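Below is one structure; the comments refer to it alone.
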Amino acid sequence: FGDQEVSDDLGKGPARCLTVPQVAAVSAALQEMPASALAQRFDAAKMEKAQVYPEGMWITDGVQALNYLLEHYSHLQNFYANAAAHGKAVICFIS
């Protein structure tokens, strides 16, 4: 989420900023891990134990949970690739 706080607590912590170089680094890291590699590393029990949002689905939803993760991973890769290509910083927060 970045180390630079840019707001007060919004209920689940402050908004944080990823600088342009940090966005480029995140984008590069995401591009280095294709969805197929992420799928091979997927461990539903670890996701559940770590309370990764959305909690409660990783074990009960089986393959659908993995498909959910992979779909959103693709969106995340595209988001950061686009932001990096345009030299943009990113503000992250949980609502």
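If you're wondering about the labels, chains in the structure tokens are A, B, ... by order shown, residues count from 1 in each chain, ligands from 1 in order shown.
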Find the residues near stretch 32-38 of chain A: any atom within 9 Å, counting only C-alpha atoms, skip ones fewer than 2 places away on the same chain, and give them as a PDB file with all heavy atoms, in the first residue's frame.
ATOM      1  N   SER A  27       4.481  -2.674 -10.720  1.00  0.00           N
ATOM      2  CA  SER A  27       4.080  -3.141 -12.044  1.00  0.00           C
ATOM      3  C   SER A  27       5.037  -4.203 -12.567  1.00  0.00           C
ATOM      4  O   SER A  27       4.608  -5.250 -13.071  1.00  0.00           O
ATOM      5  CB  SER A  27       4.014  -1.969 -13.022  1.00  0.00           C
ATOM      6  OG  SER A  27       3.673  -2.428 -14.312  1.00  0.00           O
ATOM      7  N   ALA A  28       6.327  -3.952 -12.440  1.00  0.00           N
ATOM      8  CA  ALA A  28       7.325  -4.917 -12.920  1.00  0.00           C
ATOM      9  C   ALA A  28       7.203  -6.236 -12.168  1.00  0.00           C
ATOM     10  O   ALA A  28       7.264  -7.317 -12.780  1.00  0.00           O
ATOM     11  CB  ALA A  28       8.733  -4.344 -12.759  1.00  0.00           C
ATOM     12  N   ALA A  29       7.014  -6.171 -10.856  1.00  0.00           N
ATOM     13  CA  ALA A  29       6.879  -7.399 -10.058  1.00  0.00           C
ATOM     14  C   ALA A  29       5.633  -8.179 -10.459  1.00  0.00           C
ATOM     15  O   ALA A  29       5.666  -9.412 -10.570  1.00  0.00           O
ATOM     16  CB  ALA A  29       6.839  -7.054  -8.575  1.00  0.00           C
ATOM     17  N   LEU A  30       4.533  -7.470 -10.702  1.00  0.00           N
ATOM     18  CA  LEU A  30       3.298  -8.146 -11.107  1.00  0.00           C
ATOM     19  C   LEU A  30       3.444  -8.777 -12.495  1.00  0.00           C
ATOM     20  O   LEU A  30       2.912  -9.860 -12.747  1.00  0.00           O
ATOM     21  CB  LEU A  30       2.124  -7.170 -11.097  1.00  0.00           C
ATOM     22  CG  LEU A  30       1.658  -6.706  -9.711  1.00  0.00           C
ATOM     23  CD1 LEU A  30       0.645  -5.573  -9.845  1.00  0.00           C
ATOM     24  CD2 LEU A  30       1.081  -7.857  -8.914  1.00  0.00           C
ATOM     25  N   GLN A  40      -0.347 -21.723  -9.433  1.00  0.00           N
ATOM     26  CA  GLN A  40       0.436 -22.843  -8.900  1.00  0.00           C
ATOM     27  C   GLN A  40       0.788 -22.623  -7.436  1.00  0.00           C
ATOM     28  O   GLN A  40       0.912 -23.576  -6.675  1.00  0.00           O
ATOM     29  CB  GLN A  40       1.716 -23.043  -9.710  1.00  0.00           C
ATOM     30  CG  GLN A  40       1.472 -23.604 -11.087  1.00  0.00           C
ATOM     31  CD  GLN A  40       2.764 -23.713 -11.895  1.00  0.00           C
ATOM     32  OE1 GLN A  40       3.792 -23.169 -11.549  1.00  0.00           O
ATOM     33  NE2 GLN A  40       2.679 -24.437 -13.000  1.00  0.00           N
ATOM     34  N   ARG A  41       0.943 -21.375  -7.036  1.00  0.00           N
ATOM     35  CA  ARG A  41       1.315 -21.054  -5.655  1.00  0.00           C
ATOM     36  C   ARG A  41       0.113 -20.888  -4.742  1.00  0.00           C
ATOM     37  O   ARG A  41       0.267 -20.745  -3.536  1.00  0.00           O
ATOM     38  CB  ARG A  41       2.145 -19.769  -5.637  1.00  0.00           C
ATOM     39  CG  ARG A  41       3.468 -19.937  -6.366  1.00  0.00           C
ATOM     40  CD  ARG A  41       4.245 -18.669  -6.426  1.00  0.00           C
ATOM     41  NE  ARG A  41       4.564 -18.182  -5.088  1.00  0.00           N
ATOM     42  CZ  ARG A  41       5.266 -17.082  -4.849  1.00  0.00           C
ATOM     43  NH1 ARG A  41       5.716 -16.366  -5.853  1.00  0.00           N
ATOM     44  NH2 ARG A  41       5.518 -16.700  -3.632  1.00  0.00           N
ATOM     45  N   PHE A  42      -1.087 -20.899  -5.303  1.00  0.00           N
ATOM     46  CA  PHE A  42      -2.308 -20.668  -4.525  1.00  0.00           C
ATOM     47  C   PHE A  42      -2.472 -21.740  -3.458  1.00  0.00           C
ATOM     48  O   PHE A  42      -2.398 -22.928  -3.733  1.00  0.00           O
ATOM     49  CB  PHE A  42      -3.528 -20.669  -5.465  1.00  0.00           C
ATOM     50  CG  PHE A  42      -4.834 -20.491  -4.748  1.00  0.00           C
ATOM     51  CD1 PHE A  42      -5.201 -19.256  -4.241  1.00  0.00           C
ATOM     52  CD2 PHE A  42      -5.695 -21.558  -4.579  1.00  0.00           C
ATOM     53  CE1 PHE A  42      -6.406 -19.085  -3.590  1.00  0.00           C
ATOM     54  CE2 PHE A  42      -6.895 -21.403  -3.936  1.00  0.00           C
ATOM     55  CZ  PHE A  42      -7.258 -20.162  -3.434  1.00  0.00           C
ATOM     56  N   LEU A  70      -7.656 -14.942  -9.725  1.00  0.00           N
ATOM     57  CA  LEU A  70      -6.964 -14.760 -10.999  1.00  0.00           C
ATOM     58  C   LEU A  70      -7.580 -13.634 -11.826  1.00  0.00           C
ATOM     59  O   LEU A  70      -6.865 -12.865 -12.474  1.00  0.00           O
ATOM     60  CB  LEU A  70      -6.948 -16.068 -11.783  1.00  0.00           C
ATOM     61  CG  LEU A  70      -6.145 -17.199 -11.134  1.00  0.00           C
ATOM     62  CD1 LEU A  70      -6.284 -18.474 -11.941  1.00  0.00           C
ATOM     63  CD2 LEU A  70      -4.700 -16.816 -10.923  1.00  0.00           C
ATOM     64  N   GLU A  71      -8.898 -13.526 -11.808  1.00  0.00           N
ATOM     65  CA  GLU A  71      -9.559 -12.446 -12.546  1.00  0.00           C
ATOM     66  C   GLU A  71      -9.132 -11.089 -11.993  1.00  0.00           C
ATOM     67  O   GLU A  71      -8.787 -10.175 -12.746  1.00  0.00           O
ATOM     68  CB  GLU A  71     -11.077 -12.577 -12.462  1.00  0.00           C
ATOM     69  CG  GLU A  71     -11.804 -11.453 -13.164  1.00  0.00           C
ATOM     70  CD  GLU A  71     -13.312 -11.547 -13.039  1.00  0.00           C
ATOM     71  OE1 GLU A  71     -13.840 -12.610 -12.681  1.00  0.00           O
ATOM     72  OE2 GLU A  71     -13.966 -10.525 -13.315  1.00  0.00           O
ATOM     73  N   TYR A  73      -6.474 -10.470 -10.217  1.00  0.00           N
ATOM     74  CA  TYR A  73      -5.034 -10.309 -10.412  1.00  0.00           C
ATOM     75  C   TYR A  73      -4.765  -9.704 -11.787  1.00  0.00           C
ATOM     76  O   TYR A  73      -3.936  -8.800 -11.924  1.00  0.00           O
ATOM     77  CB  TYR A  73      -4.326 -11.659 -10.254  1.00  0.00           C
ATOM     78  CG  TYR A  73      -2.829 -11.575 -10.357  1.00  0.00           C
ATOM     79  CD1 TYR A  73      -2.088 -10.940  -9.369  1.00  0.00           C
ATOM     80  CD2 TYR A  73      -2.150 -12.125 -11.437  1.00  0.00           C
ATOM     81  CE1 TYR A  73      -0.700 -10.855  -9.452  1.00  0.00           C
ATOM     82  CE2 TYR A  73      -0.772 -12.046 -11.524  1.00  0.00           C
ATOM     83  CZ  TYR A  73      -0.058 -11.405 -10.530  1.00  0.00           C
ATOM     84  OH  TYR A  73       1.308 -11.329 -10.619  1.00  0.00           O
ATOM     85  N   SER A  74      -5.473 -10.165 -12.772  1.00  0.00           N
ATOM     86  CA  SER A  74      -5.325  -9.621 -14.123  1.00  0.00           C
ATOM     87  C   SER A  74      -5.657  -8.128 -14.147  1.00  0.00           C
ATOM     88  O   SER A  74      -4.941  -7.326 -14.753  1.00  0.00           O
ATOM     89  CB  SER A  74      -6.227 -10.385 -15.095  1.00  0.00           C
ATOM     90  OG  SER A  74      -6.208  -9.782 -16.364  1.00  0.00           O
TER      91      SER A  74
END
Please return as a ChimeraX atom specification: the residues of chain A that backbone DSSP assigns to helix (DSSP H, G or I).
/A:20-32,35-41,44-49,63-85
Tell me, as a list of chain:residue names, which residues lie within 7 Å of A:Phe93, counting only C-alpha atoms; anything in the same chain fewer than 6 positions away does not count.
A:Pro14, A:Ala15, A:Arg16
Only all heavy atoms, please: the residues just picked out, written as a PDB file, in the first residue's frame.
ATOM      1  N   PRO A  14      -5.243   4.869   7.179  1.00  0.00           N
ATOM      2  CA  PRO A  14      -5.135   6.026   6.287  1.00  0.00           C
ATOM      3  C   PRO A  14      -4.916   5.610   4.839  1.00  0.00           C
ATOM      4  O   PRO A  14      -4.492   4.494   4.556  1.00  0.00           O
ATOM      5  CB  PRO A  14      -3.888   6.743   6.821  1.00  0.00           C
ATOM      6  CG  PRO A  14      -3.055   5.637   7.376  1.00  0.00           C
ATOM      7  CD  PRO A  14      -4.034   4.644   7.958  1.00  0.00           C
ATOM      8  N   ALA A  15      -5.214   6.543   3.950  1.00  0.00           N
ATOM      9  CA  ALA A  15      -4.818   6.351   2.553  1.00  0.00           C
ATOM     10  C   ALA A  15      -3.309   6.465   2.491  1.00  0.00           C
ATOM     11  O   ALA A  15      -2.688   7.196   3.261  1.00  0.00           O
ATOM     12  CB  ALA A  15      -5.476   7.406   1.665  1.00  0.00           C
ATOM     13  N   ARG A  16      -2.709   5.703   1.582  1.00  0.00           N
ATOM     14  CA  ARG A  16      -1.256   5.710   1.420  1.00  0.00           C
ATOM     15  C   ARG A  16      -0.928   5.922  -0.051  1.00  0.00           C
ATOM     16  O   ARG A  16      -1.715   5.588  -0.921  1.00  0.00           O
ATOM     17  CB  ARG A  16      -0.652   4.403   1.913  1.00  0.00           C
ATOM     18  CG  ARG A  16      -0.851   4.208   3.406  1.00  0.00           C
ATOM     19  CD  ARG A  16      -0.263   2.885   3.864  1.00  0.00           C
ATOM     20  NE  ARG A  16      -0.369   2.727   5.283  1.00  0.00           N
ATOM     21  CZ  ARG A  16       0.545   3.112   6.163  1.00  0.00           C
ATOM     22  NH1 ARG A  16       1.657   3.683   5.750  1.00  0.00           N
ATOM     23  NH2 ARG A  16       0.366   2.931   7.450  1.00  0.00           N
TER      24      ARG A  16
END
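All residues of chain A that DSSP, run on the backbone, classes as strand (DSSP E) are Gln4, Glu5, Val6, Ser7, Asp8, Asp9, Pro14, Ala15, Arg16, Cys17, Leu18, Val90, Ile91 and Cys92 of chain A.
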For A:Val6, work out the shell of residues within 12 Å, counting only C-alpha atoms and skipping chain neighbours fewer than 3 positions away, then give it as a PyMOL selection string.
chain A and resi 1-3+9-10+13-19+90-93
Residues of the last selection are to be written out with C-alpha atoms, as an mmCIF file, in the first residue's frame.
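Saved file result-v6.cif follows:
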data_model
loop_
_atom_site.group_PDB
_atom_site.id
_atom_site.type_symbol
_atom_site.label_atom_id
_atom_site.label_comp_id
_atom_site.auth_asym_id
_atom_site.auth_seq_id
_atom_site.Cartn_x
_atom_site.Cartn_y
_atom_site.Cartn_z
ATOM 1 C CA PHE A 1 0.000 0.000 0.000
ATOM 2 C CA GLY A 2 2.977 2.311 0.242
ATOM 3 C CA ASP A 3 4.700 3.803 3.217
ATOM 4 C CA ASP A 9 -7.619 7.218 9.325
ATOM 5 C CA LEU A 10 -10.500 6.518 6.962
ATOM 6 C CA GLY A 13 -6.383 3.022 8.219
ATOM 7 C CA PRO A 14 -5.135 6.026 6.287
ATOM 8 C CA ALA A 15 -4.818 6.351 2.553
ATOM 9 C CA ARG A 16 -1.256 5.710 1.420
ATOM 10 C CA CYS A 17 0.664 6.767 -1.645
ATOM 11 C CA LEU A 18 2.887 4.754 -3.926
ATOM 12 C CA THR A 19 5.306 7.085 -5.694
ATOM 13 C CA VAL A 90 -1.187 5.528 -6.886
ATOM 14 C CA ILE A 91 -3.197 6.243 -3.752
ATOM 15 C CA CYS A 92 -4.476 3.143 -1.941
ATOM 16 C CA PHE A 93 -7.032 2.819 0.826
#
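Residue nearest A:Gly87, chosen from A:Gln22, A:Gln64, A:Gln51, A:Gln31 and counting only C-alpha atoms: A:Gln22.
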Any idea what's packed within 10 Å of A:Asn82, counting only C-alpha atoms, ignoring anything in its chain fewer than 4 positions away? Could you give it as number ranges by chain?
A: 23-24, 27, 76-78, 86-88
